[in-house]
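Below is work_26.pdb, which holds PDB, C-alpha atoms.
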ATOM      1  CA  MET I   1       9.343   3.822  -8.376
ATOM      2  CA  ASN I   2      12.462   5.571  -9.543
ATOM      3  CA  GLN I   3      12.420   9.353  -9.549
ATOM      4  CA  ARG I   4      11.541   9.655 -13.256
ATOM      5  CA  LEU I   5       8.547   7.352 -12.929
ATOM      6  CA  THR I   6       7.529   9.001  -9.666
ATOM      7  CA  GLN I   7       7.388  12.358 -11.426
ATOM      8  CA  LYS I   8       5.493  10.817 -14.342
ATOM      9  CA  ALA I   9       2.909   9.339 -11.961
ATOM     10  CA  ILE I  10       2.519  12.612 -10.048
ATOM     11  CA  LYS I  11       2.065  14.538 -13.290
ATOM     12  CA  GLU I  12      -0.230  12.140 -15.162
ATOM     13  CA  LEU I  13      -2.406  10.354 -12.591
ATOM     14  CA  PRO I  14      -5.517  11.877 -10.968
ATOM     15  CA  GLY I  15      -5.070  13.135  -7.415
ATOM     16  CA  ASP I  16      -7.513  10.573  -6.021
ATOM     17  CA  ILE I  17      -5.037   7.785  -6.790
ATOM     18  CA  SER I  18      -2.934   7.142  -3.690
ATOM     19  CA  PHE I  19       0.810   6.462  -3.821
ATOM     20  CA  GLY I  20       3.060   4.164  -1.799
ATOM     21  CA  PHE I  21       6.642   5.141  -0.996
ATOM     22  CA  ALA I  22       9.353   2.824   0.314
ATOM     23  CA  PRO I  23      11.408   4.191   3.236
ATOM     24  CA  TYR I  24      14.603   4.297   1.162
ATOM     25  CA  GLY I  25      16.328   6.617  -1.260
ATOM     26  CA  GLU I  26      17.162  10.277  -1.476
ATOM     27  CA  ASN I  27      14.821  13.260  -1.491
ATOM     28  CA  LEU I  28      11.962  11.174  -0.100
ATOM     29  CA  GLN I  29      10.275  14.074   1.659
ATOM     30  CA  ALA I  30      10.487  16.258  -1.439
ATOM     31  CA  GLN I  31       8.866  13.543  -3.565
ATOM     32  CA  VAL I  32       6.137  12.987  -0.990
ATOM     33  CA  ASN I  33       5.505  16.725  -0.770
ATOM     34  CA  ARG I  34       5.131  16.965  -4.557
ATOM     35  CA  ALA I  35       2.685  14.055  -4.589
ATOM     36  CA  ARG I  36       0.591  15.538  -1.792
ATOM     37  CA  ALA I  37       0.599  18.968  -3.447
ATOM     38  CA  LYS I  38      -1.069  17.311  -6.458
ATOM     39  CA  GLY I  39      -3.724  15.800  -4.191
ATOM     40  CA  HIS I  40      -2.339  12.277  -3.814
ATOM     41  CA  GLU I  41      -2.564  10.570  -0.444
ATOM     42  CA  VAL I  42       0.600   8.707   0.511
ATOM     43  CA  MET I  43       1.170   5.346   2.172
ATOM     44  CA  LEU I  44       4.459   4.126   3.648
ATOM     45  CA  GLN I  45       5.518   0.749   2.254
ATOM     46  CA  LEU I  46       6.733  -1.399   5.136
ATOM     47  CA  PRO I  47       9.319  -4.045   4.135
ATOM     48  CA  LEU I  48       8.339  -7.355   5.748
ATOM     49  CA  GLU I  49      10.132 -10.695   5.680
ATOM     50  CA  PRO I  50       9.163 -12.848   2.673
ATOM     51  CA  PRO I  51       9.697 -16.585   2.187
ATOM     52  CA  GLY I  52      13.250 -17.088   0.967
ATOM     53  CA  TYR I  53      14.740 -14.284   3.076
ATOM     54  CA  PRO I  54      17.596 -13.244   2.999
ATOM     55  CA  GLY I  55      17.999 -14.478  -0.582
ATOM     56  CA  ILE I  56      14.897 -12.429  -1.326
ATOM     57  CA  ASN I  57      15.457  -9.218   0.609
ATOM     58  CA  PRO I  58      12.984  -6.291   0.663
ATOM     59  CA  GLY I  59      15.662  -3.933   1.988
ATOM     60  CA  PRO I  60      17.439  -2.642   5.104
ATOM     61  CA  GLN I  61      15.557  -2.779   8.419
ATOM     62  CA  THR I  62      13.120  -5.419   7.109
ATOM     63  CA  LEU I  63      10.885  -6.652   9.934
ATOM     64  CA  LEU I  64      11.695 -10.306  10.677
ATOM     65  CA  SER I  65       9.514 -13.050  12.119
ATOM     66  CA  ASP I  66      12.278 -14.361  14.408
ATOM     67  CA  ALA I  67      13.659 -10.990  15.555
ATOM     68  CA  PRO I  68      13.096  -9.778  19.128
ATOM     69  CA  GLU I  69      10.053  -7.537  19.488
ATOM     70  CA  GLU I  70      12.094  -4.486  20.447
ATOM     71  CA  GLU I  71      14.363  -4.919  17.419
ATOM     72  CA  ASN I  72      11.382  -4.967  15.062
ATOM     73  CA  LEU I  73       9.857  -1.953  16.805
ATOM     74  CA  LYS I  74      13.147  -0.083  16.504
ATOM     75  CA  SER I  75      13.213  -0.819  12.764
ATOM     76  CA  LEU I  76       9.556   0.182  12.465
ATOM     77  CA  ARG I  77      10.149   3.502  14.215
ATOM     78  CA  TRP I  78      13.116   4.196  11.934
ATOM     79  CA  MET I  79      10.935   3.622   8.874
ATOM     80  CA  LEU I  80       8.131   5.762  10.278
ATOM     81  CA  SER I  81      10.648   8.591  10.681
ATOM     82  CA  ARG I  82      11.821   8.566   7.062
ATOM     83  CA  PHE I  83       9.218  11.035   5.835
ATOM     84  CA  ALA I  84       6.122  12.798   7.101
ATOM     85  CA  GLY I  85       2.631  13.081   5.704
ATOM     86  CA  PHE I  86       1.586   9.472   5.137
ATOM     87  CA  THR I  87      -1.972   8.324   5.796
ATOM     88  CA  GLY I  88      -1.071   4.776   6.690
ATOM     89  CA  ILE I  89       1.008   1.705   6.031
ATOM     90  CA  THR I  90       0.999  -0.921   3.316
ATOM     91  CA  ASN I  91       3.042  -4.098   3.239
ATOM     92  CA  TYR I  92       5.954  -4.686   0.892
ATOM     93  CA  MET I  93       6.323  -8.474   0.576
ATOM     94  CA  GLY I  94       5.829 -10.158   3.975
ATOM     95  CA  GLY I  95       4.621 -13.670   3.185
ATOM     96  CA  ARG I  96       6.531 -15.074   6.156
ATOM     97  CA  PHE I  97       6.197 -12.185   8.610
ATOM     98  CA  LEU I  98       2.453 -11.751   8.159
ATOM     99  CA  ALA I  99       1.880 -15.427   8.945
ATOM    100  CA  VAL I 100       3.401 -15.112  12.459
ATOM    101  CA  PRO I 101       0.901 -13.394  14.787
ATOM    102  CA  ASP I 102       3.319 -13.042  17.714
ATOM    103  CA  SER I 103       5.633 -10.950  15.518
ATOM    104  CA  LEU I 104       2.890  -8.982  13.803
ATOM    105  CA  ALA I 105       0.822  -8.010  16.863
ATOM    106  CA  PRO I 106       3.356  -5.577  18.437
ATOM    107  CA  VAL I 107       3.749  -3.840  15.074
ATOM    108  CA  MET I 108       0.007  -3.420  14.673
ATOM    109  CA  ARG I 109      -0.325  -2.115  18.227
ATOM    110  CA  GLU I 110       2.300   0.524  17.431
ATOM    111  CA  LEU I 111       0.474   1.556  14.255
ATOM    112  CA  LYS I 112      -2.810   1.787  16.158
ATOM    113  CA  LYS I 113      -1.166   3.926  18.843
ATOM    114  CA  ARG I 114      -0.001   6.346  16.146
ATOM    115  CA  GLY I 115      -3.457   6.668  14.599
ATOM    116  CA  LEU I 116      -2.503   5.039  11.302
ATOM    117  CA  VAL I 117      -4.372   2.651   9.012
ATOM    118  CA  TYR I 118      -3.112  -0.530   7.354
ATOM    119  CA  LEU I 119      -3.658  -1.594   3.749
ATOM    120  CA  GLU I 120      -2.584  -5.109   2.779
ATOM    121  CA  ASP I 121      -1.868  -5.866  -0.856
ATOM    122  CA  GLY I 122      -3.868  -9.103  -0.785
ATOM    123  CA  SER I 123      -1.007 -11.282  -2.002
ATOM    124  CA  VAL I 124      -0.454 -13.198   1.271
ATOM    125  CA  ALA I 125      -3.004 -15.993   1.582
ATOM    126  CA  GLN I 126      -1.928 -17.019   5.100
ATOM    127  CA  SER I 127      -1.844 -13.497   6.545
ATOM    128  CA  THR I 128      -2.892 -13.227  10.183
ATOM    129  CA  ALA I 129      -3.313  -9.454   9.803
ATOM    130  CA  PRO I 130      -7.143  -9.392   9.658
ATOM    131  CA  ALA I 131      -7.434 -11.199  13.001
ATOM    132  CA  ILE I 132      -4.691  -9.121  14.653
ATOM    133  CA  ALA I 133      -6.158  -5.878  13.298
ATOM    134  CA  GLN I 134      -9.523  -6.779  14.782
ATOM    135  CA  GLU I 135      -7.941  -7.592  18.156
ATOM    136  CA  THR I 136      -5.912  -4.377  18.266
ATOM    137  CA  GLY I 137      -8.559  -2.099  16.747
ATOM    138  CA  LEU I 138      -6.272  -1.117  13.864
ATOM    139  CA  PRO I 139      -8.294  -0.002  10.823
ATOM    140  CA  MET I 140      -7.436  -2.396   7.971
ATOM    141  CA  ARG I 141      -8.388  -3.061   4.374
ATOM    142  CA  ARG I 142      -7.131  -5.647   1.897
ATOM    143  CA  ALA I 143      -6.698  -4.932  -1.785
ATOM    144  CA  SER I 144      -8.677  -7.177  -4.088
ATOM    145  CA  MET I 145      -5.807  -7.650  -6.497
ATOM    146  CA  VAL I 146      -2.431  -6.533  -7.774
ATOM    147  CA  ILE I 147      -3.513  -5.008 -11.068
ATOM    148  CA  ASP I 148      -0.174  -5.462 -12.851
ATOM    149  CA  ALA I 149       0.662  -9.004 -11.765
ATOM    150  CA  LYS I 150       0.805  -9.492 -15.545
ATOM    151  CA  PRO I 151       2.594  -6.287 -16.556
ATOM    152  CA  ASP I 152       1.069  -5.587 -19.960
ATOM    153  CA  ALA I 153      -1.593  -3.056 -20.885
ATOM    154  CA  GLU I 154      -4.253  -5.602 -21.871
ATOM    155  CA  SER I 155      -3.946  -7.547 -18.603
ATOM    156  CA  ILE I 156      -3.896  -4.374 -16.502
ATOM    157  CA  ARG I 157      -7.026  -3.090 -18.233
ATOM    158  CA  ALA I 158      -8.763  -6.433 -17.639
ATOM    159  CA  ALA I 159      -7.862  -6.217 -13.935
ATOM    160  CA  LEU I 160      -9.198  -2.664 -13.748
ATOM    161  CA  ASP I 161     -12.455  -3.747 -15.393
ATOM    162  CA  GLU I 162     -12.752  -6.470 -12.754
ATOM    163  CA  LEU I 163     -12.244  -3.873 -10.008
ATOM    164  CA  VAL I 164     -15.055  -1.772 -11.462
ATOM    165  CA  ARG I 165     -17.396  -4.765 -11.401
ATOM    166  CA  GLU I 166     -16.465  -5.419  -7.771
ATOM    167  CA  ALA I 167     -17.039  -1.775  -6.850
ATOM    168  CA  GLU I 168     -20.456  -1.834  -8.510
ATOM    169  CA  LYS I 169     -21.329  -4.936  -6.483
ATOM    170  CA  ASN I 170     -19.790  -4.066  -3.090
ATOM    171  CA  GLY I 171     -19.659  -0.274  -3.024
ATOM    172  CA  PHE I 172     -15.887   0.023  -3.423
ATOM    173  CA  ALA I 173     -12.847  -1.945  -4.550
ATOM    174  CA  ILE I 174      -9.122  -1.490  -3.978
ATOM    175  CA  GLY I 175      -6.387  -2.360  -6.456
ATOM    176  CA  ILE I 176      -2.640  -2.098  -6.002
ATOM    177  CA  GLY I 177      -0.043  -1.694  -8.727
ATOM    178  CA  ALA I 178       3.693  -1.253  -9.031
ATOM    179  CA  GLY I 179       5.259   1.931 -10.349
ATOM    180  CA  LEU I 180       5.797   0.523 -13.838
ATOM    181  CA  GLU I 181       5.556   2.780 -16.864
ATOM    182  CA  VAL I 182       2.890   0.562 -18.432
ATOM    183  CA  THR I 183       0.891   0.646 -15.180
ATOM    184  CA  ILE I 184       1.016   4.434 -14.931
ATOM    185  CA  GLU I 185      -0.019   4.890 -18.561
ATOM    186  CA  THR I 186      -2.802   2.282 -18.517
ATOM    187  CA  VAL I 187      -4.259   3.498 -15.217
ATOM    188  CA  GLY I 188      -4.132   7.093 -16.438
ATOM    189  CA  GLU I 189      -6.059   6.229 -19.608
ATOM    190  CA  PHE I 190      -8.559   4.100 -17.690
ATOM    191  CA  ALA I 191      -9.168   6.785 -15.074
ATOM    192  CA  ARG I 192     -10.258   9.241 -17.764
ATOM    193  CA  GLU I 193     -13.049   6.842 -18.783
ATOM    194  CA  LEU I 194     -14.457   6.207 -15.317
ATOM    195  CA  GLN I 195     -16.721   9.235 -15.048
ATOM    196  CA  GLU I 196     -18.602   8.156 -18.177
ATOM    197  CA  ARG I 197     -19.135   4.765 -16.522
ATOM    198  CA  GLY I 198     -20.485   6.338 -13.343
ATOM    199  CA  VAL I 199     -17.519   5.183 -11.244
ATOM    200  CA  LEU I 200     -15.853   7.512  -8.743
ATOM    201  CA  LEU I 201     -12.159   7.390  -7.898
ATOM    202  CA  VAL I 202     -11.514   8.055  -4.200
ATOM    203  CA  PRO I 203      -8.358   8.308  -2.067
ATOM    204  CA  ILE I 204      -7.504   5.301   0.062
ATOM    205  CA  SER I 205      -8.642   7.000   3.277
ATOM    206  CA  ALA I 206     -12.228   7.074   1.969
ATOM    207  CA  THR I 207     -12.379   3.264   2.112
ATOM    208  CA  PHE I 208     -11.625   3.347   5.858
ATOM    209  CA  LYS I 209     -14.621   5.492   6.814
ATOM    210  CA  GLY I 210     -16.614   3.675   9.446
ATOM    211  CA  GLN I 211     -13.506   1.916  10.800
ATOM    212  CA  MET I 212     -11.863   4.980  12.289
ATOM    213  CA  GLY I 213     -12.948   6.618  15.497
TER     214      GLY I 213
END
Would you put the structure from the file into structure tokens?
Amino acid sequence: MNQRLTQKAIKELPGDISFGFAPYGENLQAQVNRARAKGHEVMLQLPLEPPGYPGINPGPQTLLSDAPEEENLKSLRWMLSRFAGFTGITNYMGGRFLAVPDSLAPVMRELKKRGLVYLEDGSVAQSTAPAIAQETGLPMRRASMVIDAKPDAESIRAALDELVREAEKNGFAIGIGAGLEVTIETVGEFARELQERGVLLVPISATFKGQMG
């Protein structure tokens, strides 16, 4: 999100909605502090190598499937140092990186060592993360969907309705969205209706209860 949309999201969205921040840009810590002061939990978005890299480039210090382990860990530690106060990590892209277990495992071990959790956006069908997370003991969840894959209000609302049905069936559901203006506005309107439907919004950490110890 740019700074204007970040401020809009912080102001308009309920505190139980968690935010993801990329490790780039200015005034990151100040933005994170404002979000947390409003009750939002924060996740660090980790840029991971996608298919088509470097033509498709998530950003500087992207973790690469063919990079030496120590180089990826150095990049990871740099990103983890960009701001404080995050609950865990979520992937940004990563279709190629997440499919290579030998590259992913050292990263997950580092996250486990630091007491973090990992949320995957659910967009990578061939991800090896669930198996590696189980091996390393890293708490992990996968989002059910990207709610604004079709970035219009009607499609976002339909995705949110689907999440509610999943939550009613399974106990909880996780959706991920980009920091688009239409996403912020549609989610804000939808959130105001949830109490009447008997649905509770919770921060992302609540979905990891039972995995952490």
Each residue of stretch 75-103 of chain I lying at most 6 Å from stretch 127-139 of chain I should get a row with its shortest atom-to-atom pair and the distance in Å to one decimal, counting all atoms listed in the file; could you produce that, ordered by chain and increasing number, as JSON lines?
{"residue": "I:Leu98", "atom": "CA", "partner": "I:Ser127", "partner_atom": "CA", "distance": 4.9}
{"residue": "I:Ala99", "atom": "CA", "partner": "I:Ser127", "partner_atom": "CA", "distance": 4.8}
{"residue": "I:Pro101", "atom": "CA", "partner": "I:Thr128", "partner_atom": "CA", "distance": 6.0}
query = Mind pulling up the distance from atom CA of I:Leu46 to atom CA of I:Ala178?
reply = 14.5 Å
As a compact mmCIF listing (two decimals) with C-alpha atoms, in the frame of the given file, please: the residues near stretch 181-193 of chain I (cut-off 8 Å, all atoms listed in the file, same-chain neighbours under 2 positions excluded).
# COMPACT_ATOMS: atom_id res chain seq x y z
CA LEU I 5 8.55 7.35 -12.93
CA LYS I 8 5.49 10.82 -14.34
CA ALA I 9 2.91 9.34 -11.96
CA GLU I 12 -0.23 12.14 -15.16
CA LEU I 13 -2.41 10.35 -12.59
CA PRO I 14 -5.52 11.88 -10.97
CA ASP I 148 -0.17 -5.46 -12.85
CA PRO I 151 2.59 -6.29 -16.56
CA ASP I 152 1.07 -5.59 -19.96
CA ALA I 153 -1.59 -3.06 -20.88
CA ILE I 156 -3.90 -4.37 -16.50
CA ARG I 157 -7.03 -3.09 -18.23
CA LEU I 160 -9.20 -2.66 -13.75
CA GLY I 177 -0.04 -1.69 -8.73
CA ALA I 178 3.69 -1.25 -9.03
CA GLY I 179 5.26 1.93 -10.35
CA GLN I 195 -16.72 9.24 -15.05
CA GLU I 196 -18.60 8.16 -18.18
CA ARG I 197 -19.14 4.76 -16.52
CA LEU I 201 -12.16 7.39 -7.90
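With distances restricted to all atoms listed in the file, I:Ala206 is the closest residue to I:Phe172 from I:Ala159, I:Ala206, I:Ala30, I:Met93.
What separates atom CA of I:Met140 from atom CA of I:Leu119 is a distance of 5.7 Å.
Each of I:Glu154, I:Glu166, I:Asp66, I:Asp16 was checked against I:Leu48 using all atoms listed in the file; the smallest atom-to-atom distance is that of I:Asp66.
Counting from atom CA of I:Tyr118, the distance to atom CA of I:Gln7 is 25.1 Å.
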Taking all listed atoms of stretch 47-54 of chain I, build the axis-aligned box, pad each of the six sides by 8 Å, then write its centre and edge lengths in Å to one decimal as JSON.
{"center_x": 13.0, "center_y": -10.6, "center_z": 3.4, "size_x": 25.3, "size_y": 29.0, "size_z": 20.8}
task = Run the PyMOL selection byres ((chain I and resi 176) around 12) mentally over the shown coordinates, then write out the matched residues as a ChimeraX atom specification, using the chain letters and numbers from the document.
result = /I:17-20,43,45,90-92,119-123,141-149,156,159-160,163,173-175,177-180,183-184,187,204
